[in-house]
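This is entry01.pdb (PDB, C-alpha atoms).
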```pdb
ATOM      1  CA  MET A   1      85.276 141.462 -49.441  1.00  0.00           C
ATOM      2  CA  GLN A   2      82.477 139.559 -51.104  1.00  0.00           C
ATOM      3  CA  ALA A   3      82.502 136.997 -48.287  1.00  0.00           C
ATOM      4  CA  LEU A   4      81.629 139.758 -45.825  1.00  0.00           C
ATOM      5  CA  GLY A   5      78.159 139.961 -47.378  1.00  0.00           C
ATOM      6  CA  ALA A   6      78.075 143.647 -48.184  1.00  0.00           C
ATOM      7  CA  ARG A   7      74.683 144.967 -49.243  1.00  0.00           C
ATOM      8  CA  ARG A   8      76.072 148.019 -51.055  1.00  0.00           C
ATOM      9  CA  ALA A   9      79.373 149.139 -52.511  1.00  0.00           C
ATOM     10  CA  PHE A  10      80.395 152.733 -53.086  1.00  0.00           C
ATOM     11  CA  PRO A  11      83.517 152.898 -55.265  1.00  0.00           C
ATOM     12  CA  THR A  12      84.687 156.491 -55.311  1.00  0.00           C
ATOM     13  CA  HIS A  13      87.643 156.541 -57.705  1.00  0.00           C
ATOM     14  CA  PHE A  14      85.618 157.965 -60.599  1.00  0.00           C
ATOM     15  CA  GLY A  15      82.834 159.522 -58.523  1.00  0.00           C
ATOM     16  CA  LEU A  16      80.458 158.164 -55.918  1.00  0.00           C
ATOM     17  CA  SER A  17      77.912 155.669 -57.189  1.00  0.00           C
ATOM     18  CA  ALA A  18      76.160 152.779 -55.488  1.00  0.00           C
ATOM     19  CA  LEU A  19      76.715 149.423 -57.154  1.00  0.00           C
ATOM     20  CA  GLU A  20      75.390 145.924 -56.560  1.00  0.00           C
ATOM     21  CA  PRO A  21      78.233 144.317 -54.558  1.00  0.00           C
ATOM     22  CA  ASP A  22      77.908 140.770 -55.876  1.00  0.00           C
ATOM     23  CA  GLN A  23      77.930 141.976 -59.472  1.00  0.00           C
ATOM     24  CA  LEU A  24      80.811 144.358 -58.772  1.00  0.00           C
ATOM     25  CA  PHE A  25      82.958 141.651 -57.159  1.00  0.00           C
ATOM     26  CA  ASP A  26      82.092 139.056 -59.818  1.00  0.00           C
ATOM     27  CA  GLU A  27      83.063 141.490 -62.581  1.00  0.00           C
ATOM     28  CA  ALA A  28      86.259 142.469 -60.763  1.00  0.00           C
ATOM     29  CA  ALA A  29      87.263 138.816 -60.347  1.00  0.00           C
ATOM     30  CA  ALA A  30      86.564 138.098 -64.027  1.00  0.00           C
ATOM     31  CA  SER A  31      88.566 141.166 -65.047  1.00  0.00           C
ATOM     32  CA  LEU A  32      91.515 140.086 -62.909  1.00  0.00           C
ATOM     33  CA  ARG A  33      91.440 136.553 -64.344  1.00  0.00           C
ATOM     34  CA  ARG A  34      91.404 138.051 -67.852  1.00  0.00           C
ATOM     35  CA  ALA A  35      94.374 140.300 -67.041  1.00  0.00           C
ATOM     36  CA  VAL A  36      96.360 137.365 -65.647  1.00  0.00           C
ATOM     37  CA  ALA A  37      95.562 135.308 -68.756  1.00  0.00           C
ATOM     38  CA  LEU A  38      96.762 138.133 -71.029  1.00  0.00           C
ATOM     39  CA  ALA A  39      99.897 138.523 -68.935  1.00  0.00           C
ATOM     40  CA  SER A  40     100.568 134.785 -69.028  1.00  0.00           C
ATOM     41  CA  GLU A  41     100.373 134.858 -72.828  1.00  0.00           C
ATOM     42  CA  ALA A  42     102.788 137.789 -72.980  1.00  0.00           C
ATOM     43  CA  VAL A  43     105.267 136.079 -70.657  1.00  0.00           C
ATOM     44  CA  ALA A  44     105.013 132.777 -72.554  1.00  0.00           C
ATOM     45  CA  ALA A  45     105.935 134.694 -75.706  1.00  0.00           C
ATOM     46  CA  GLY A  46     109.068 135.994 -73.973  1.00  0.00           C
ATOM     47  CA  GLY A  47     107.679 139.367 -72.919  1.00  0.00           C
ATOM     48  CA  GLY A  48     107.938 141.215 -69.658  1.00  0.00           C
ATOM     49  CA  ALA A  49     106.060 143.947 -67.832  1.00  0.00           C
ATOM     50  CA  SER A  50     106.176 146.327 -70.807  1.00  0.00           C
ATOM     51  CA  GLU A  51     104.529 143.781 -73.100  1.00  0.00           C
ATOM     52  CA  ILE A  52     101.979 142.937 -70.419  1.00  0.00           C
ATOM     53  CA  ALA A  53     101.086 146.630 -70.060  1.00  0.00           C
ATOM     54  CA  GLY A  54     100.648 146.897 -73.820  1.00  0.00           C
ATOM     55  CA  ARG A  55      98.318 143.905 -73.892  1.00  0.00           C
ATOM     56  CA  LEU A  56      96.268 145.235 -70.971  1.00  0.00           C
ATOM     57  CA  ARG A  57      95.846 148.575 -72.739  1.00  0.00           C
ATOM     58  CA  GLU A  58      94.938 146.916 -76.061  1.00  0.00           C
ATOM     59  CA  ASP A  59      92.395 144.689 -74.328  1.00  0.00           C
ATOM     60  CA  GLU A  60      90.747 147.657 -72.646  1.00  0.00           C
ATOM     61  CA  LEU A  61      90.606 149.622 -75.896  1.00  0.00           C
ATOM     62  CA  ALA A  62      88.956 146.641 -77.603  1.00  0.00           C
ATOM     63  CA  ALA A  63      86.440 146.208 -74.768  1.00  0.00           C
ATOM     64  CA  LEU A  64      85.475 149.889 -74.710  1.00  0.00           C
ATOM     65  CA  PRO A  65      85.072 151.084 -78.304  1.00  0.00           C
ATOM     66  CA  ARG A  66      84.615 154.690 -77.196  1.00  0.00           C
ATOM     67  CA  LEU A  67      88.233 154.710 -76.011  1.00  0.00           C
ATOM     68  CA  ALA A  68      89.421 153.870 -79.519  1.00  0.00           C
ATOM     69  CA  GLN A  69      87.435 156.812 -80.863  1.00  0.00           C
ATOM     70  CA  ASP A  70      88.366 159.311 -78.140  1.00  0.00           C
ATOM     71  CA  THR A  71      92.123 159.278 -77.695  1.00  0.00           C
ATOM     72  CA  ALA A  72      91.981 162.018 -75.037  1.00  0.00           C
ATOM     73  CA  LEU A  73      89.680 159.836 -72.941  1.00  0.00           C
ATOM     74  CA  ALA A  74      91.939 156.820 -73.498  1.00  0.00           C
ATOM     75  CA  ASP A  75      94.961 158.862 -72.409  1.00  0.00           C
ATOM     76  CA  ARG A  76      93.095 160.090 -69.322  1.00  0.00           C
ATOM     77  CA  LEU A  77      92.158 156.534 -68.372  1.00  0.00           C
ATOM     78  CA  GLY A  78      95.767 155.484 -68.920  1.00  0.00           C
ATOM     79  CA  GLU A  79      96.864 158.130 -66.419  1.00  0.00           C
ATOM     80  CA  THR A  80      94.348 157.088 -63.764  1.00  0.00           C
ATOM     81  CA  THR A  81      94.736 153.345 -64.335  1.00  0.00           C
ATOM     82  CA  SER A  82      98.438 152.647 -64.522  1.00  0.00           C
ATOM     83  CA  TYR A  83      98.860 149.828 -67.001  1.00  0.00           C
ATOM     84  CA  GLU A  84     102.537 149.692 -66.106  1.00  0.00           C
ATOM     85  CA  LEU A  85     101.884 149.365 -62.371  1.00  0.00           C
ATOM     86  CA  ASN A  86      99.219 146.717 -62.930  1.00  0.00           C
ATOM     87  CA  ALA A  87     101.523 144.857 -65.313  1.00  0.00           C
ATOM     88  CA  ALA A  88     104.397 144.932 -62.812  1.00  0.00           C
ATOM     89  CA  GLY A  89     102.170 143.496 -60.099  1.00  0.00           C
ATOM     90  CA  ILE A  90     100.835 140.731 -62.310  1.00  0.00           C
ATOM     91  CA  ALA A  91     104.348 139.922 -63.592  1.00  0.00           C
ATOM     92  CA  ARG A  92     105.506 139.603 -59.977  1.00  0.00           C
ATOM     93  CA  TYR A  93     102.555 137.333 -59.187  1.00  0.00           C
ATOM     94  CA  LEU A  94     103.330 135.122 -62.201  1.00  0.00           C
ATOM     95  CA  ALA A  95     107.021 134.891 -61.247  1.00  0.00           C
ATOM     96  CA  LYS A  96     106.162 133.915 -57.665  1.00  0.00           C
ATOM     97  CA  ARG A  97     103.591 131.391 -58.887  1.00  0.00           C
ATOM     98  CA  GLN A  98     106.138 129.843 -61.246  1.00  0.00           C
ATOM     99  CA  ALA A  99     108.782 129.678 -58.506  1.00  0.00           C
ATOM    100  CA  GLY A 100     106.397 127.603 -56.465  1.00  0.00           C
TER
END
```
Using structure tokens, write down the structure that the file contains.
Amino acid sequence: MQALGARRAFPTHFGLSALEPDQLFDEAAASLRRAVALASEAVAAGGGASEIAGRLREDELAALPRLAQDTALADRLGETTSYELNAAGIARYLAKRQAG
């Protein structure tokens, strides 16, 4: 999407807001690389999708201190951002990458 040269981005999942596309895509790419790195560590330690989901949740709680203080908000985010679904997708990616 970044290669298309968008001048504006309007993500609507948590409400409409205009964001700088290059910054948005750069941050999304960095976040995805971080998630894959966490998942790789979990898999190397013998874990599966459940352990990956736990690490993704822990990482997000550490990155957003307010979530650690407001458990209702953390639970709400957990319902809208499925750690388990994300973990399953990343685990599948890692398995396919390892298979060659």
For a quick check of your reading of the model, name the residues lying within 12 Å of the coordinate (72.6, 146.0, -48.5), counting all atoms listed in the file, and write them as an MDAnalysis selection string. chainID A and resid 4:10 18:22
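Note that CA of Ile52 (chain A) and CA of Ala95 (chain A) are 13.2 Å apart.
The residues returned by the PyMOL selection byres ((chain A and resi 42) around 12) for this structure are Ala35, Val36, Ala37, Leu38, Ala39, Ser40, Glu41, Val43, Ala44, Ala45, Gly46, Gly47, Gly48, Ala49, Ser50, Glu51, Ile52, Ala53, Gly54, Arg55, Leu56, Ala87, Ile90, Ala91 and Leu94 of chain A.
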Dump as a PDB file, keeping the file's coordinate frame, selection limited to C-alpha atoms:
```pdb
ATOM      1  CA  ALA A  35      94.374 140.300 -67.041  1.00  0.00           C
ATOM      2  CA  VAL A  36      96.360 137.365 -65.647  1.00  0.00           C
ATOM      3  CA  ALA A  37      95.562 135.308 -68.756  1.00  0.00           C
ATOM      4  CA  LEU A  38      96.762 138.133 -71.029  1.00  0.00           C
ATOM      5  CA  ALA A  39      99.897 138.523 -68.935  1.00  0.00           C
ATOM      6  CA  SER A  40     100.568 134.785 -69.028  1.00  0.00           C
ATOM      7  CA  GLU A  41     100.373 134.858 -72.828  1.00  0.00           C
ATOM      8  CA  VAL A  43     105.267 136.079 -70.657  1.00  0.00           C
ATOM      9  CA  ALA A  44     105.013 132.777 -72.554  1.00  0.00           C
ATOM     10  CA  ALA A  45     105.935 134.694 -75.706  1.00  0.00           C
ATOM     11  CA  GLY A  46     109.068 135.994 -73.973  1.00  0.00           C
ATOM     12  CA  GLY A  47     107.679 139.367 -72.919  1.00  0.00           C
ATOM     13  CA  GLY A  48     107.938 141.215 -69.658  1.00  0.00           C
ATOM     14  CA  ALA A  49     106.060 143.947 -67.832  1.00  0.00           C
ATOM     15  CA  SER A  50     106.176 146.327 -70.807  1.00  0.00           C
ATOM     16  CA  GLU A  51     104.529 143.781 -73.100  1.00  0.00           C
ATOM     17  CA  ILE A  52     101.979 142.937 -70.419  1.00  0.00           C
ATOM     18  CA  ALA A  53     101.086 146.630 -70.060  1.00  0.00           C
ATOM     19  CA  GLY A  54     100.648 146.897 -73.820  1.00  0.00           C
ATOM     20  CA  ARG A  55      98.318 143.905 -73.892  1.00  0.00           C
ATOM     21  CA  LEU A  56      96.268 145.235 -70.971  1.00  0.00           C
ATOM     22  CA  ALA A  87     101.523 144.857 -65.313  1.00  0.00           C
ATOM     23  CA  ILE A  90     100.835 140.731 -62.310  1.00  0.00           C
ATOM     24  CA  ALA A  91     104.348 139.922 -63.592  1.00  0.00           C
ATOM     25  CA  LEU A  94     103.330 135.122 -62.201  1.00  0.00           C
TER      26      LEU A  94
END
```
Give me, as a PyMOL selection string, all polymer residues having an atom no more than 10 Å from region 57-59 of chain A, counting only C-alpha atoms and skipping those fewer than 5 positions away in the same chain. chain A and resi 34-35+38+51-52+64+68+74+77-78+81-84
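Atom to atom, CA of Gln2 (chain A) and CA of Asp26 (chain A) stand 8.7 Å apart.
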Around all the atoms of region 75-93 of chain A listed in the file, draw an axis-aligned box and extend it by 4 Å on each of the six sides; I want its centre and edge lengths in Å to one decimal, as lines of an AutoDock Vina configuration file.
```
center_x = 98.8
center_y = 148.7
center_z = -65.8
size_x = 21.3
size_y = 30.8
size_z = 21.2
```
Can you measure CA of Gln23 (chain A) to CA of Leu61 (chain A) for me? One decimal in Å is fine. 22.1 Å
